[in-house]
Amino acid sequence: MSRSVIPSEAVPLVKHVSDLGWIMHLGREYCDVSPPGAPFECALSRMAPGGASTRHAHDVAEIFVVVSGKATAHVDVECIPLEATESVYVPPGIIHYLSNPSDHETLVYMLICWSPIDQHAKIIPNKSA
């Protein structure tokens, strides 16, 4: 098995979360924190209390790791409650979304997707709503 090693000097340093370039994507604030040239996408996301991302699927696998707050991972027909340090794996092609069940706490989570940011995973059309 081959490994990709990214030199530490190639990884951009972020002094504070407010330094990140946040954008809206699929219903949540999102910031790419992937190392340049990485064979995956790594992003920090935050979601307002009561918020939810858009139901969607990718042609690649994805992992969500809760950093702070609580989440509900809706994966296919399952609803999986998650707390800080817990994670969920979403296989390719499975419809999924995250929601923030809190009425007062912002959800912060990392997502890791097996697709580099410059070759972003294709969204599979959601035929059932």
# chains A, B, ... in the order shown; residues from 1 in each chain; ligands from 1
$ residues_around --residues "His74 (chain A)" --least-positions-apart "3" --cutoff "7 Å" --atoms "only C-alpha atoms" --output "PyMOL selection string"
chain A and resi 77-80+96-98
$ atom_distance --atom1 "CA of Pro35 (chain A)" --atom2 "CA of Thr72 (chain A)"
27.8 Å
$ residues_around --residues "Ser102 (chain A)" --least-positions-apart "6" --cutoff "9 Å" --atoms "only C-alpha atoms" --output "PyMOL selection string"
chain A and resi 48-51+69-71
$ write_last_selection --atoms "C-alpha atoms" --output "compact mmCIF listing (two decimals), in the first residue's frame"
# COMPACT_ATOMS: atom_id res chain seq x y z
CA ALA A 48 -26.43 26.96 13.83
CA PRO A 49 -28.77 25.60 16.50
CA GLY A 50 -31.71 23.84 14.86
CA GLY A 51 -29.93 23.80 11.48
CA GLY A 69 -22.01 20.28 20.37
CA LYS A 70 -24.36 17.49 19.38
CA ALA A 71 -25.46 16.22 15.99
$ atom_distance --atom1 "CA of Pro92 (chain A)" --atom2 "CA of Leu107 (chain A)"
23.9 Å
$ atom_distance --atom1 "CA of Ala84 (chain A)" --atom2 "CA of Pro39 (chain A)"
25.9 Å
$ residues_around --residues "Gly93 (chain A)" --least-positions-apart "5" --cutoff "7 Å" --atoms "only C-alpha atoms" --output "MDAnalysis selection string"
chainID A and resid 57:59
$ closest_residue --among "A:Ser53, A:Val33, A:Val108, A:Pro91" --to "Val65 (chain A)" --atoms "only C-alpha atoms"
A:Val108
$ closest_residue --among "A:Asn100, A:Thr85, A:Ser68, A:Ser34" --to "Cys113 (chain A)" --atoms "only C-alpha atoms"
A:Ser34
